Each structure stands twice: as C-alpha cells, then as structure tokens.
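Written out below as structure tokens is the structure these notes cover.
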Amino acid sequence: SDADKSSESPEVEKPKAIEPNKPLFTDVFFADPSAHVFNDKLYIYPSHDIDSGIQPNNDGDQYAMEDYHVLSIDDFNSSCVDNGQALHLKDVSWVKRQMWAPDAAYKNNTYYLYFPAKDKKDIFRIGVATSTSPTGPFKPEKNYIQGSFSMDPAVFTDNDNKSYMYFGGLWGGQLEKWKTGKYDSNGAAPQGSEPALGPKVALMNDDMLTFKESPQEVSIVDENGNPILASDEDRRFFEGAWVHKYNDNYYLSYSTGTTHYIVYAMSKNPKGPFTYKGKILNPVKGWTTHHSIVQFKDKWYMFYHDASVSGVDHKRSIMYTELSYNSDGTIKPIN
Ligand code: FUB
C-alpha cells in the first residue's frame, strides 16, 4: 500500500540546530573565534586548542597550538562544519611555536588568513597565508608581515575598501616589550597612573600582505576624553581587539584580560580615538575571553569561547549569542 511505501522511503535527517550559548563542538577544542560572512555563508577562523602538557604560566606557554581549522555554518538550523586542517606550523618556515588567535579577510579574489606565532627568537609576529577558498588550505608567505609584532590580529575593511589590521596583547602577547618601537625583553607595563597601552593599528596595502604604514597606537579614552589608565583593569585594553561598523560608528571591542570582561568603545574614525562605552560580556568560565562580532542575514551575532566543557583554561569551546543595539548605537550588554 501507499502507507507501506512511505515507511520504506529513506528519511532525510533533520539538520541539528545550533543553539545559542551552547558549545559548537564538545569533542575537539576551538577558541578565539573570528567570524566573517563570505558569499552569504558564515566562516569561523579559530585557534585550535590542544592538550599541550605544558605547565601553565603567565606567558601562556601552555597555549601551544600547532594548526588552524576553518569552521563554517550555512545557517543556525544546520550544524557547524569543521573543514579540516587549513594551515600547520610545520609549513610556515619562520614559525617556532604557539599559533594563536587568527583572523581572515577577502579581497583580490583571494582569502587571507592572518595568524600570530612566535618566530625562531620567541618573538610574536603576525604572518599571512592565502587561498582561493575560504576554508583553505592556505599557503603561507615566506616571512611574517614586516613591521608586525605582538598578537591577535583583526582585519577590518571599511566601506571605502581600505583595510586596517588591529593587533596587540599584554603579558604573553608581548605588547609591553615594544613600548620603544623596538623589542626589549625587559619592557614593562606602564605604571598604574599612566595611560594604558592601546592596541596597534596599521593601514594595509592593497596586496593585503604588507603594511602601508608603521603601526600606530589606538587611543581609548573615557567619557571626558581622558586616556583610560593602566590601573583601570575593568576598562583597559588587554588583548583580543575586534573592530566592526554599525551605521556610521566604528566599534572597538576587546578583552580586559585580568578582569575577564569583553568591553567596547566607539569612534567616528577607524583609527580612533575610541570612547569607552561599557561591558558587553561578563567573565566566562576560564581565564581568557575572546570574541568577534558579525552581521549575518540581517542579525548581529557575537562569537566567543569559554572553558566550561574541559574545565581547562587552554582547552576552550566556541559558542555564539545574538547581539543588539540601543537607538543611540550603544550595544545591549549580554546577560
Ligand atoms: O588563544 C591564545 C590566546 O588566548 C589568544 O591569542 C588570546 O586572545 C587569548 O584568548
């Protein structure tokens, strides 16, 4: 009968929906999710956390990642796909160890993967690798980007097609060691009463492989226009800068590190100064917090990570949540 026939026909498996604030993966660890939309599809460029077996220290030696995978999502009613290895440390001649938080961009019919790693002298630099596919494999340039240093690159392309790289991070990220413009292994953080160090920004050349100018510091100020001080650990920049644009405002969001918040500041100029506005995300489980903000199919999302699945700071899991704005352009904090 017809009823018998329909029970015999193979069932199409319903895709698993991706729920907000739930880990995208629980059997493999990804962190530092940089999300982008390319050709209407969402791609995530994360760090790939591993069990390094290295004793944790303040330089983050235990974060000893060796490769990158690209994740992709068609929509939130389907599952998140791990597209496999896109770049490995052994393929990058200048890298010694620690492939940390990457980012990606698209221009010139090419996908660019930007990644920080320690060079043979144990100095963090930022490298770039290219591919014709958003998921790689990526082919690295022979050397790191000249003039780059520290870590956590985030590349923002404005409506006028100019691309800027923001980067930097304290402690393990070595930003304090570049205060004079040269690497100084004894370089220390500013005193508490001095302005905090900001992230760096550099305009990129159209080749997206080189800086057009020397990186300059991004200034973050309070509501009175005074620089945020180094002692102000609830508001000062620590690592994980991300820049996005909504209406005519530029938003610089970042981690406060030692106090574990994701906070943001706004500006009318992509190079700042940015005025501090508030917290977006309270501390998550685990020491680090690191996010990205992206528009996908008319809604805004924040991707972030925590260590709730593993209970280990350097084995983190990625998730997302929806983000919304108030009428004055400020961001509604996430509960
Ligand atoms: O994943 C290694 C480092 O931890 C990142 O570069 C930082 O932003 C922090 O999330």
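The way I read the labels, and the way they are meant: chains A, B, ... in the order of the structure tokens, residue 1 as the first residue of every chain, and ligand 1 as the first ligand shown, with later ones counted on from there.
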So that each row is one residue of segment 134-167 of chain A with an atom at most 12 Å from segment 292-296 of chain A, can you give its shortest atom pair and the distance in Å to one decimal, using only C-alpha atoms, rows by chain and rising number, as a Markdown table?
| residue | atom | partner | partner_atom | distance |
| --- | --- | --- | --- | --- |
| A:Asp152 | CA | A:Ser292 | CA | 11.5 |
| A:Pro153 | CA | A:Ser292 | CA | 11.7 |
| A:Ala154 | CA | A:Ser292 | CA | 9.1 |
| A:Val155 | CA | A:Ser292 | CA | 11.2 |
| A:Phe156 | CA | A:Val294 | CA | 11.2 |
Kindly work out which residues sit at most 7 Å from ligand 1, using only C-alpha atoms and all ligand atoms, and give the list as a ChimeraX atom specification.
/A:31-32,47,63,100-101,151-152,239-240,288-290
Saved selection, atoms kept: all heavy atoms, as an mmCIF file, in the first residue's frame:
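So out-v4.cif came out as:
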data_model
loop_
_atom_site.group_PDB
_atom_site.id
_atom_site.type_symbol
_atom_site.label_atom_id
_atom_site.label_comp_id
_atom_site.auth_asym_id
_atom_site.auth_seq_id
_atom_site.Cartn_x
_atom_site.Cartn_y
_atom_site.Cartn_z
ATOM 1 N N ALA A 31 38.968 27.970 19.931
ATOM 2 C CA ALA A 31 38.860 29.191 20.742
ATOM 3 C C ALA A 31 39.069 30.411 19.846
ATOM 4 O O ALA A 31 39.334 30.270 18.655
ATOM 5 C CB ALA A 31 39.928 29.153 21.832
ATOM 6 N N ASP A 32 38.958 31.607 20.428
ATOM 7 C CA ASP A 32 39.277 32.860 19.726
ATOM 8 C C ASP A 32 38.554 32.944 18.378
ATOM 9 O O ASP A 32 39.195 33.120 17.320
ATOM 10 C CB ASP A 32 40.793 32.959 19.490
ATOM 11 C CG ASP A 32 41.611 32.758 20.758
ATOM 12 O OD1 ASP A 32 41.184 33.228 21.818
ATOM 13 O OD2 ASP A 32 42.688 32.125 20.677
ATOM 14 N N SER A 47 41.382 29.616 16.923
ATOM 15 C CA SER A 47 42.562 28.868 17.361
ATOM 16 C C SER A 47 42.115 27.417 17.548
ATOM 17 O O SER A 47 40.944 27.147 17.823
ATOM 18 C CB SER A 47 43.073 29.378 18.708
ATOM 19 O OG SER A 47 43.415 30.738 18.634
ATOM 20 N N TYR A 63 49.481 27.444 25.972
ATOM 21 C CA TYR A 63 48.689 27.614 24.739
ATOM 22 C C TYR A 63 49.642 27.348 23.569
ATOM 23 O O TYR A 63 50.189 28.265 22.965
ATOM 24 C CB TYR A 63 48.106 29.026 24.665
ATOM 25 C CG TYR A 63 47.126 29.344 25.773
ATOM 26 C CD1 TYR A 63 47.571 29.778 27.032
ATOM 27 C CD2 TYR A 63 45.750 29.214 25.577
ATOM 28 C CE1 TYR A 63 46.681 30.065 28.053
ATOM 29 C CE2 TYR A 63 44.847 29.496 26.606
ATOM 30 C CZ TYR A 63 45.321 29.921 27.833
ATOM 31 O OH TYR A 63 44.438 30.207 28.845
ATOM 32 N N TRP A 100 48.512 31.368 17.667
ATOM 33 C CA TRP A 100 47.423 31.929 18.475
ATOM 34 C C TRP A 100 46.315 32.509 17.596
ATOM 35 O O TRP A 100 46.254 32.243 16.405
ATOM 36 C CB TRP A 100 48.002 32.936 19.476
ATOM 37 C CG TRP A 100 48.663 32.257 20.659
ATOM 38 C CD1 TRP A 100 48.981 30.920 20.770
ATOM 39 C CD2 TRP A 100 49.070 32.873 21.882
ATOM 40 N NE1 TRP A 100 49.559 30.684 22.017
ATOM 41 C CE2 TRP A 100 49.621 31.863 22.709
ATOM 42 C CE3 TRP A 100 49.029 34.177 22.390
ATOM 43 C CZ2 TRP A 100 50.115 32.127 23.995
ATOM 44 C CZ3 TRP A 100 49.526 34.441 23.659
ATOM 45 C CH2 TRP A 100 50.064 33.420 24.459
ATOM 46 N N ALA A 101 45.479 33.342 18.218
ATOM 47 C CA ALA A 101 44.207 33.770 17.604
ATOM 48 C C ALA A 101 44.350 34.376 16.201
ATOM 49 O O ALA A 101 44.941 35.434 16.035
ATOM 50 C CB ALA A 101 43.552 34.793 18.527
ATOM 51 N N MET A 151 50.351 40.140 18.952
ATOM 52 C CA MET A 151 49.441 39.053 18.524
ATOM 53 C C MET A 151 48.002 39.531 18.327
ATOM 54 O O MET A 151 47.719 40.710 18.346
ATOM 55 C CB MET A 151 49.507 37.945 19.570
ATOM 56 C CG MET A 151 49.261 38.444 20.973
ATOM 57 S SD MET A 151 47.831 37.675 21.651
ATOM 58 C CE MET A 151 47.826 38.103 23.330
ATOM 59 N N ASP A 152 47.113 38.573 18.145
ATOM 60 C CA ASP A 152 45.670 38.806 17.987
ATOM 61 C C ASP A 152 45.341 39.786 16.863
ATOM 62 O O ASP A 152 44.697 40.825 17.085
ATOM 63 C CB ASP A 152 45.046 39.285 19.322
ATOM 64 C CG ASP A 152 44.942 38.163 20.345
ATOM 65 O OD1 ASP A 152 45.315 37.008 20.019
ATOM 66 O OD2 ASP A 152 44.480 38.433 21.468
ATOM 67 N N GLU A 239 43.786 42.362 25.396
ATOM 68 C CA GLU A 239 44.045 41.567 24.185
ATOM 69 C C GLU A 239 42.749 41.389 23.407
ATOM 70 O O GLU A 239 41.684 41.846 23.822
ATOM 71 C CB GLU A 239 44.650 40.203 24.537
ATOM 72 C CG GLU A 239 43.725 39.317 25.364
ATOM 73 C CD GLU A 239 44.387 38.026 25.846
ATOM 74 O OE1 GLU A 239 45.590 37.813 25.634
ATOM 75 O OE2 GLU A 239 43.664 37.216 26.467
ATOM 76 N N GLY A 240 42.831 40.731 22.258
ATOM 77 C CA GLY A 240 41.632 40.339 21.514
ATOM 78 C C GLY A 240 40.839 41.499 20.934
ATOM 79 O O GLY A 240 39.608 41.522 21.032
ATOM 80 N N THR A 288 40.786 33.144 29.856
ATOM 81 C CA THR A 288 40.711 34.036 28.695
ATOM 82 C C THR A 288 39.261 34.240 28.262
ATOM 83 O O THR A 288 38.401 33.393 28.482
ATOM 84 C CB THR A 288 41.480 33.465 27.486
ATOM 85 O OG1 THR A 288 40.814 32.281 27.026
ATOM 86 C CG2 THR A 288 42.921 33.137 27.840
ATOM 87 N N THR A 289 39.035 35.406 27.644
ATOM 88 C CA THR A 289 37.756 35.648 26.974
ATOM 89 C C THR A 289 38.097 36.337 25.666
ATOM 90 O O THR A 289 39.000 37.191 25.632
ATOM 91 C CB THR A 289 36.790 36.453 27.871
ATOM 92 O OG1 THR A 289 35.525 36.580 27.220
ATOM 93 C CG2 THR A 289 37.325 37.829 28.228
ATOM 94 N N HIS A 290 37.470 35.945 24.566
ATOM 95 C CA HIS A 290 37.900 36.430 23.251
ATOM 96 C C HIS A 290 36.698 36.270 22.319
ATOM 97 O O HIS A 290 36.040 35.247 22.314
ATOM 98 C CB HIS A 290 39.084 35.591 22.770
ATOM 99 C CG HIS A 290 39.751 36.111 21.545
ATOM 100 N ND1 HIS A 290 41.093 36.436 21.505
ATOM 101 C CD2 HIS A 290 39.271 36.358 20.304
ATOM 102 C CE1 HIS A 290 41.407 36.846 20.289
ATOM 103 N NE2 HIS A 290 40.315 36.814 19.541
#
With only C-alpha atoms as the basis for distance, which of A:Met65, A:Leu71, A:Leu197, A:Ala265 is at the shortest distance from Pro116 of chain A?
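Selected residue with least distance to Pro116 of chain A: A:Met65.
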Do a neighbour search on segment 157-159 of chain A at 12 Å with only C-alpha atoms, toss out local chain neighbours closer than 5 positions, and write the hits as a compact mmCIF listing (two decimals) with all heavy atoms, in the first residue's frame.
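This is the output file selection.txt:
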# COMPACT_ATOMS: atom_id res chain seq x y z
N HIS A 36 33.33 35.67 10.00
CA HIS A 36 33.14 36.51 8.81
C HIS A 36 32.09 35.88 7.93
O HIS A 36 31.94 34.66 7.91
CB HIS A 36 34.44 36.61 7.99
CG HIS A 36 35.48 37.41 8.67
ND1 HIS A 36 35.55 38.78 8.59
CD2 HIS A 36 36.51 37.04 9.49
CE1 HIS A 36 36.58 39.22 9.30
NE2 HIS A 36 37.17 38.19 9.87
N ALA A 104 40.74 36.53 9.33
CA ALA A 104 40.74 36.32 7.88
C ALA A 104 40.13 37.52 7.18
O ALA A 104 39.42 38.32 7.80
CB ALA A 104 39.95 35.06 7.54
N ALA A 105 40.40 37.64 5.88
CA ALA A 105 39.82 38.70 5.06
C ALA A 105 39.72 38.21 3.63
O ALA A 105 40.37 37.21 3.26
CB ALA A 105 40.70 39.95 5.13
N TYR A 106 38.88 38.90 2.84
CA TYR A 106 38.73 38.56 1.42
C TYR A 106 38.92 39.82 0.59
O TYR A 106 38.31 40.84 0.87
CB TYR A 106 37.34 37.97 1.16
CG TYR A 106 37.09 37.69 -0.30
CD1 TYR A 106 37.72 36.63 -0.95
CD2 TYR A 106 36.23 38.51 -1.05
CE1 TYR A 106 37.50 36.39 -2.30
CE2 TYR A 106 36.01 38.27 -2.39
CZ TYR A 106 36.65 37.20 -3.02
OH TYR A 106 36.44 36.97 -4.35
N LYS A 107 39.77 39.75 -0.39
CA LYS A 107 40.00 40.84 -1.34
C LYS A 107 40.77 40.26 -2.51
O LYS A 107 41.42 39.21 -2.35
CB LYS A 107 40.84 41.95 -0.67
CG LYS A 107 40.51 43.35 -1.18
CD LYS A 107 41.40 44.40 -0.52
CE LYS A 107 40.60 45.32 0.38
NZ LYS A 107 41.41 46.40 0.94
N TYR A 164 42.32 47.68 7.53
CA TYR A 164 43.18 48.02 8.66
C TYR A 164 43.43 46.76 9.48
O TYR A 164 42.49 45.99 9.70
CB TYR A 164 42.50 49.02 9.59
CG TYR A 164 42.08 50.31 8.90
CD1 TYR A 164 40.87 50.38 8.20
CD2 TYR A 164 42.88 51.44 8.95
CE1 TYR A 164 40.47 51.55 7.57
CE2 TYR A 164 42.49 52.62 8.32
CZ TYR A 164 41.30 52.66 7.63
OH TYR A 164 40.91 53.82 6.99
N MET A 165 44.66 46.58 9.94
CA MET A 165 44.90 45.49 10.88
C MET A 165 45.08 46.08 12.28
O MET A 165 45.91 46.96 12.50
CB MET A 165 46.14 44.67 10.54
CG MET A 165 46.32 43.52 11.56
SD MET A 165 47.82 42.58 11.34
CE MET A 165 47.40 41.65 9.87
N TYR A 166 44.27 45.58 13.21
CA TYR A 166 44.39 45.92 14.64
C TYR A 166 45.07 44.73 15.29
O TYR A 166 44.79 43.57 14.93
CB TYR A 166 43.01 46.13 15.26
CG TYR A 166 42.25 47.24 14.57
CD1 TYR A 166 41.57 46.99 13.37
CD2 TYR A 166 42.23 48.52 15.08
CE1 TYR A 166 40.90 48.01 12.71
CE2 TYR A 166 41.55 49.55 14.42
CZ TYR A 166 40.90 49.28 13.24
OH TYR A 166 40.24 50.28 12.57
N ALA A 202 47.35 49.37 11.76
CA ALA A 202 48.13 49.72 10.56
C ALA A 202 47.22 49.58 9.35
O ALA A 202 46.52 48.57 9.21
CB ALA A 202 49.35 48.82 10.42
N LEU A 203 47.25 50.60 8.50
CA LEU A 203 46.56 50.52 7.22
C LEU A 203 47.30 49.50 6.37
O LEU A 203 48.54 49.48 6.36
CB LEU A 203 46.58 51.91 6.56
CG LEU A 203 45.88 52.05 5.22
CD1 LEU A 203 44.37 51.79 5.37
CD2 LEU A 203 46.10 53.47 4.67
N MET A 204 46.57 48.65 5.64
CA MET A 204 47.23 47.63 4.83
C MET A 204 47.33 48.09 3.38
O MET A 204 46.46 48.83 2.90
CB MET A 204 46.46 46.32 4.91
CG MET A 204 46.26 45.89 6.36
SD MET A 204 46.10 44.13 6.57
CE MET A 204 47.64 43.51 5.99
N ASN A 205 48.34 47.64 2.70
CA ASN A 205 48.43 47.87 1.26
C ASN A 205 47.35 47.05 0.56
O ASN A 205 46.81 46.09 1.12
CB ASN A 205 49.81 47.46 0.74
CG ASN A 205 50.84 48.55 1.01
OD1 ASN A 205 50.58 49.73 0.77
ND2 ASN A 205 52.00 48.16 1.53
N ASP A 206 47.07 47.40 -0.72
CA ASP A 206 46.02 46.68 -1.45
C ASP A 206 46.36 45.21 -1.63
O ASP A 206 45.47 44.39 -1.85
CB ASP A 206 45.78 47.33 -2.82
CG ASP A 206 45.08 48.68 -2.65
OD1 ASP A 206 44.43 48.85 -1.59
OD2 ASP A 206 45.20 49.54 -3.53
N MET A 208 47.21 43.27 0.61
CA MET A 208 46.76 42.63 1.86
C MET A 208 47.84 41.76 2.50
O MET A 208 47.58 40.97 3.40
CB MET A 208 45.50 41.79 1.63
CG MET A 208 44.29 42.59 1.21
SD MET A 208 43.73 43.74 2.50
CE MET A 208 42.65 42.69 3.45
N TRP A 242 38.77 43.71 18.34
CA TRP A 242 37.91 43.43 17.17
C TRP A 242 37.25 44.74 16.78
O TRP A 242 36.79 45.48 17.66
CB TRP A 242 36.83 42.40 17.54
CG TRP A 242 35.99 42.00 16.37
CD1 TRP A 242 34.75 42.47 16.03
CD2 TRP A 242 36.33 41.04 15.36
NE1 TRP A 242 34.31 41.86 14.88
CE2 TRP A 242 35.26 40.98 14.45
CE3 TRP A 242 37.46 40.23 15.14
CZ2 TRP A 242 35.26 40.15 13.33
CZ3 TRP A 242 37.46 39.40 14.03
CH2 TRP A 242 36.37 39.35 13.14
N VAL A 243 37.22 45.05 15.49
CA VAL A 243 36.58 46.29 15.04
C VAL A 243 35.46 45.95 14.07
O VAL A 243 35.63 45.13 13.16
CB VAL A 243 37.60 47.25 14.40
CG1 VAL A 243 36.90 48.42 13.71
CG2 VAL A 243 38.55 47.79 15.48
N HIS A 244 34.29 46.55 14.30
CA HIS A 244 33.19 46.43 13.32
C HIS A 244 32.52 47.79 13.19
O HIS A 244 32.78 48.71 13.98
CB HIS A 244 32.20 45.33 13.73
CG HIS A 244 31.26 45.70 14.84
ND1 HIS A 244 31.60 45.66 16.18
CD2 HIS A 244 29.97 46.13 14.82
CE1 HIS A 244 30.58 46.01 16.93
NE2 HIS A 244 29.57 46.32 16.12
N LYS A 245 31.68 47.90 12.17
CA LYS A 245 31.00 49.17 11.90
C LYS A 245 29.50 48.92 11.89
O LYS A 245 29.02 47.92 11.31
CB LYS A 245 31.45 49.69 10.53
CG LYS A 245 31.09 51.13 10.28
CD LYS A 245 31.68 51.56 8.94
CE LYS A 245 31.47 53.04 8.68
NZ LYS A 245 32.03 53.43 7.38
N TYR A 246 28.76 49.80 12.54
CA TYR A 246 27.29 49.71 12.55
C TYR A 246 26.79 51.13 12.37
O TYR A 246 27.17 52.02 13.12
CB TYR A 246 26.83 49.10 13.88
CG TYR A 246 25.34 49.12 14.10
CD1 TYR A 246 24.49 48.28 13.38
CD2 TYR A 246 24.77 50.00 15.03
CE1 TYR A 246 23.12 48.31 13.58
CE2 TYR A 246 23.41 50.02 15.25
CZ TYR A 246 22.59 49.19 14.52
OH TYR A 246 21.23 49.21 14.73
N ASN A 247 25.95 51.32 11.36
CA ASN A 247 25.58 52.67 10.93
C ASN A 247 26.88 53.44 10.68
O ASN A 247 27.78 52.91 10.05
CB ASN A 247 24.65 53.34 11.94
CG ASN A 247 23.30 52.62 11.95
OD1 ASN A 247 22.95 51.96 10.95
ND2 ASN A 247 22.55 52.73 13.02
N ASP A 248 27.04 54.64 11.23
CA ASP A 248 28.28 55.37 10.91
C ASP A 248 29.31 55.28 12.02
O ASP A 248 30.27 56.04 12.04
CB ASP A 248 27.95 56.84 10.62
CG ASP A 248 27.35 56.97 9.24
OD1 ASP A 248 27.62 56.09 8.39
OD2 ASP A 248 26.58 57.92 9.03
N ASN A 249 29.13 54.36 12.94
CA ASN A 249 30.05 54.26 14.08
C ASN A 249 30.99 53.07 13.95
O ASN A 249 30.60 52.01 13.48
CB ASN A 249 29.26 54.09 15.39
CG ASN A 249 28.48 55.34 15.72
OD1 ASN A 249 29.02 56.44 15.72
ND2 ASN A 249 27.18 55.18 15.98
N TYR A 250 32.22 53.30 14.39
CA TYR A 250 33.19 52.22 14.49
C TYR A 250 33.20 51.75 15.94
O TYR A 250 33.18 52.58 16.86
CB TYR A 250 34.59 52.70 14.08
CG TYR A 250 34.63 53.16 12.65
CD1 TYR A 250 34.35 54.49 12.33
CD2 TYR A 250 34.95 52.27 11.63
CE1 TYR A 250 34.37 54.92 11.00
CE2 TYR A 250 34.97 52.70 10.30
CZ TYR A 250 34.68 54.01 10.00
OH TYR A 250 34.69 54.44 8.69
N ASN A 269 35.94 57.44 13.70
CA ASN A 269 37.11 57.25 12.85
C ASN A 269 37.69 55.85 13.09
O ASN A 269 37.82 55.44 14.24
CB ASN A 269 38.14 58.33 13.22
CG ASN A 269 39.33 58.34 12.29
OD1 ASN A 269 39.94 57.30 12.03
ND2 ASN A 269 39.65 59.52 11.78
N PRO A 270 38.03 55.11 12.02
CA PRO A 270 38.53 53.73 12.26
C PRO A 270 39.82 53.68 13.07
O PRO A 270 40.14 52.64 13.65
CB PRO A 270 38.75 53.18 10.85
CG PRO A 270 38.80 54.36 9.95
CD PRO A 270 37.97 55.44 10.59
N LYS A 271 40.56 54.81 13.11
CA LYS A 271 41.81 54.80 13.89
C LYS A 271 41.62 55.43 15.27
O LYS A 271 42.58 55.61 16.00
CB LYS A 271 42.90 55.53 13.13
CG LYS A 271 43.41 54.76 11.92
CD LYS A 271 44.51 55.52 11.28
CE LYS A 271 45.25 54.68 10.27
NZ LYS A 271 46.33 55.45 9.64
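Among the candidates A:Pro333, A:Pro273, A:Pro199, A:Gly257, the residue lying nearest to Trp171 of chain A is A:Gly257 (atoms considered: only C-alpha atoms).
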Determine the nearest neighbour of Lys315 of chain A from the options A:Thr330, A:Glu194, A:Trp287, A:Asp103, counting only C-alpha atoms.
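The answer is A:Trp287, which sits nearest to Lys315 of chain A.
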Excluding same-chain residues fewer than 3 positions from Ser231 of chain A, what lies within 9 Å of it counting only C-alpha atoms, as a ChimeraX atom specification?
/A:191-196,228,234,236
Could you pull out the strand (DSSP E or B) residues of segment 262-291 of chain A from DSSP and send them as a PyMOL selection string?
chain A and resi 262-267+274-281+291
Interatomic distance between atom CA of Phe124 of chain A and atom CA of Ser150 of chain A?
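We find that atom CA of Phe124 of chain A and atom CA of Ser150 of chain A lie 4.9 Å from each other.
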Contact residues around Pro33 of chain A with only C-alpha atoms at 7 Å, ignoring same-chain residues under 5 positions, as number ranges by chain:
A: 44-46, 291-292, 303-304, 318
Could those residues be written to a file, using all heavy atoms, as a PDB file, in the first residue's frame?
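Heads up, here's the output in again.pdb:
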ATOM      1  N   ILE A  44      34.159  30.659  10.479  1.00  0.00           N
ATOM      2  CA  ILE A  44      34.809  30.988  11.742  1.00  0.00           C
ATOM      3  C   ILE A  44      36.269  30.566  11.644  1.00  0.00           C
ATOM      4  O   ILE A  44      36.570  29.416  11.281  1.00  0.00           O
ATOM      5  CB  ILE A  44      34.134  30.267  12.932  1.00  0.00           C
ATOM      6  CG1 ILE A  44      32.631  30.551  12.937  1.00  0.00           C
ATOM      7  CG2 ILE A  44      34.756  30.719  14.248  1.00  0.00           C
ATOM      8  CD1 ILE A  44      31.860  29.664  13.893  1.00  0.00           C
ATOM      9  N   TYR A  45      37.151  31.509  11.970  1.00  0.00           N
ATOM     10  CA  TYR A  45      38.597  31.264  11.957  1.00  0.00           C
ATOM     11  C   TYR A  45      39.056  31.262  13.411  1.00  0.00           C
ATOM     12  O   TYR A  45      39.259  32.315  14.005  1.00  0.00           O
ATOM     13  CB  TYR A  45      39.301  32.347  11.117  1.00  0.00           C
ATOM     14  CG  TYR A  45      38.836  32.300   9.681  1.00  0.00           C
ATOM     15  CD1 TYR A  45      37.659  32.928   9.284  1.00  0.00           C
ATOM     16  CD2 TYR A  45      39.534  31.555   8.744  1.00  0.00           C
ATOM     17  CE1 TYR A  45      37.198  32.830   7.977  1.00  0.00           C
ATOM     18  CE2 TYR A  45      39.085  31.449   7.433  1.00  0.00           C
ATOM     19  CZ  TYR A  45      37.914  32.090   7.056  1.00  0.00           C
ATOM     20  OH  TYR A  45      37.453  31.983   5.765  1.00  0.00           O
ATOM     21  N   PRO A  46      39.167  30.083  14.024  1.00  0.00           N
ATOM     22  CA  PRO A  46      39.509  29.997  15.447  1.00  0.00           C
ATOM     23  C   PRO A  46      40.942  29.502  15.685  1.00  0.00           C
ATOM     24  O   PRO A  46      41.605  28.996  14.774  1.00  0.00           O
ATOM     25  CB  PRO A  46      38.528  28.940  15.940  1.00  0.00           C
ATOM     26  CG  PRO A  46      38.419  27.986  14.779  1.00  0.00           C
ATOM     27  CD  PRO A  46      38.706  28.760  13.517  1.00  0.00           C
ATOM     28  N   HIS A 291      36.424  37.273  21.531  1.00  0.00           N
ATOM     29  CA  HIS A 291      35.163  37.302  20.781  1.00  0.00           C
ATOM     30  C   HIS A 291      35.345  37.872  19.375  1.00  0.00           C
ATOM     31  O   HIS A 291      36.414  38.394  19.030  1.00  0.00           O
ATOM     32  CB  HIS A 291      34.189  38.202  21.541  1.00  0.00           C
ATOM     33  CG  HIS A 291      34.525  39.645  21.280  1.00  0.00           C
ATOM     34  ND1 HIS A 291      35.764  40.175  21.574  1.00  0.00           N
ATOM     35  CD2 HIS A 291      33.826  40.620  20.663  1.00  0.00           C
ATOM     36  CE1 HIS A 291      35.798  41.432  21.176  1.00  0.00           C
ATOM     37  NE2 HIS A 291      34.650  41.733  20.612  1.00  0.00           N
ATOM     38  N   SER A 292      34.250  37.823  18.598  1.00  0.00           N
ATOM     39  CA  SER A 292      34.156  38.620  17.370  1.00  0.00           C
ATOM     40  C   SER A 292      32.695  38.982  17.186  1.00  0.00           C
ATOM     41  O   SER A 292      31.809  38.348  17.784  1.00  0.00           O
ATOM     42  CB  SER A 292      34.684  37.845  16.164  1.00  0.00           C
ATOM     43  OG  SER A 292      33.880  36.719  15.923  1.00  0.00           O
ATOM     44  N   PHE A 303      30.434  35.911  18.587  1.00  0.00           N
ATOM     45  CA  PHE A 303      31.011  34.591  18.831  1.00  0.00           C
ATOM     46  C   PHE A 303      32.017  34.744  19.959  1.00  0.00           C
ATOM     47  O   PHE A 303      32.732  35.752  20.022  1.00  0.00           O
ATOM     48  CB  PHE A 303      31.671  34.046  17.563  1.00  0.00           C
ATOM     49  CG  PHE A 303      30.659  33.510  16.589  1.00  0.00           C
ATOM     50  CD1 PHE A 303      29.935  34.371  15.776  1.00  0.00           C
ATOM     51  CD2 PHE A 303      30.390  32.146  16.511  1.00  0.00           C
ATOM     52  CE1 PHE A 303      28.969  33.892  14.899  1.00  0.00           C
ATOM     53  CE2 PHE A 303      29.429  31.655  15.632  1.00  0.00           C
ATOM     54  CZ  PHE A 303      28.724  32.528  14.826  1.00  0.00           C
ATOM     55  N   TYR A 304      32.076  33.765  20.848  1.00  0.00           N
ATOM     56  CA  TYR A 304      33.004  33.847  21.979  1.00  0.00           C
ATOM     57  C   TYR A 304      33.369  32.428  22.414  1.00  0.00           C
ATOM     58  O   TYR A 304      32.909  31.456  21.809  1.00  0.00           O
ATOM     59  CB  TYR A 304      32.381  34.664  23.119  1.00  0.00           C
ATOM     60  CG  TYR A 304      31.139  34.067  23.750  1.00  0.00           C
ATOM     61  CD1 TYR A 304      31.201  33.410  24.976  1.00  0.00           C
ATOM     62  CD2 TYR A 304      29.896  34.150  23.113  1.00  0.00           C
ATOM     63  CE1 TYR A 304      30.072  32.860  25.560  1.00  0.00           C
ATOM     64  CE2 TYR A 304      28.752  33.595  23.685  1.00  0.00           C
ATOM     65  CZ  TYR A 304      28.851  32.950  24.905  1.00  0.00           C
ATOM     66  OH  TYR A 304      27.728  32.398  25.477  1.00  0.00           O
ATOM     67  N   ILE A 318      33.819  27.041  21.503  1.00  0.00           N
ATOM     68  CA  ILE A 318      33.240  28.224  20.869  1.00  0.00           C
ATOM     69  C   ILE A 318      31.717  28.193  20.947  1.00  0.00           C
ATOM     70  O   ILE A 318      31.111  27.125  20.827  1.00  0.00           O
ATOM     71  CB  ILE A 318      33.652  28.231  19.385  1.00  0.00           C
ATOM     72  CG1 ILE A 318      35.120  28.597  19.266  1.00  0.00           C
ATOM     73  CG2 ILE A 318      32.808  29.181  18.560  1.00  0.00           C
ATOM     74  CD1 ILE A 318      35.626  28.462  17.859  1.00  0.00           C
TER      75      ILE A 318
END
Closest to Met319 of chain A among A:Met302, A:Ser214, A:Gly147, A:Lys162, using only C-alpha atoms?
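Among the listed residues, the smallest separation from Met319 of chain A belongs to A:Met302.
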Closest of A:Ala129, A:Ile145, A:Val263, A:Ile123 to Gly172 of chain A, counting only C-alpha atoms, is A:Ile123
Top pick for closest residue to Glu141 of chain A, considering A:Asn186, A:Gln174, A:Ser93, A:Thr180 and counting only C-alpha atoms
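For Glu141 of chain A, the nearest of the candidates is A:Ser93.
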Could you give me, as a list in words, the residues within 7 Å of Tyr144 of chain A, counting only C-alpha atoms and dropping anything in the same chain fewer than 3 positions from it?
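Here the qualifying residues turn out to be Arg125, Ile126, Gly127 and Val128 of chain A.
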Selection from above, C-alpha atoms, as a PDB file, in the first residue's frame, can you write it?
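part.pdb was written with the following content:
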ATOM      1  CA  ARG A 125      54.985  38.195  14.848  1.00  0.00           C
ATOM      2  CA  ILE A 126      51.986  38.164  12.539  1.00  0.00           C
ATOM      3  CA  GLY A 127      52.002  36.049   9.417  1.00  0.00           C
ATOM      4  CA  VAL A 128      49.707  35.802   6.423  1.00  0.00           C
TER       5      VAL A 128
END
Can you list, as a PyMOL selection string, every residue of segment 105-297 of chain A that DSSP puts in helix (DSSP H, G or I)?
chain A and resi 171-173+175-178+257-259
re atom CA of Thr258 of chain A and atom CA of Ala241 of chain A: distance 15.1 Å
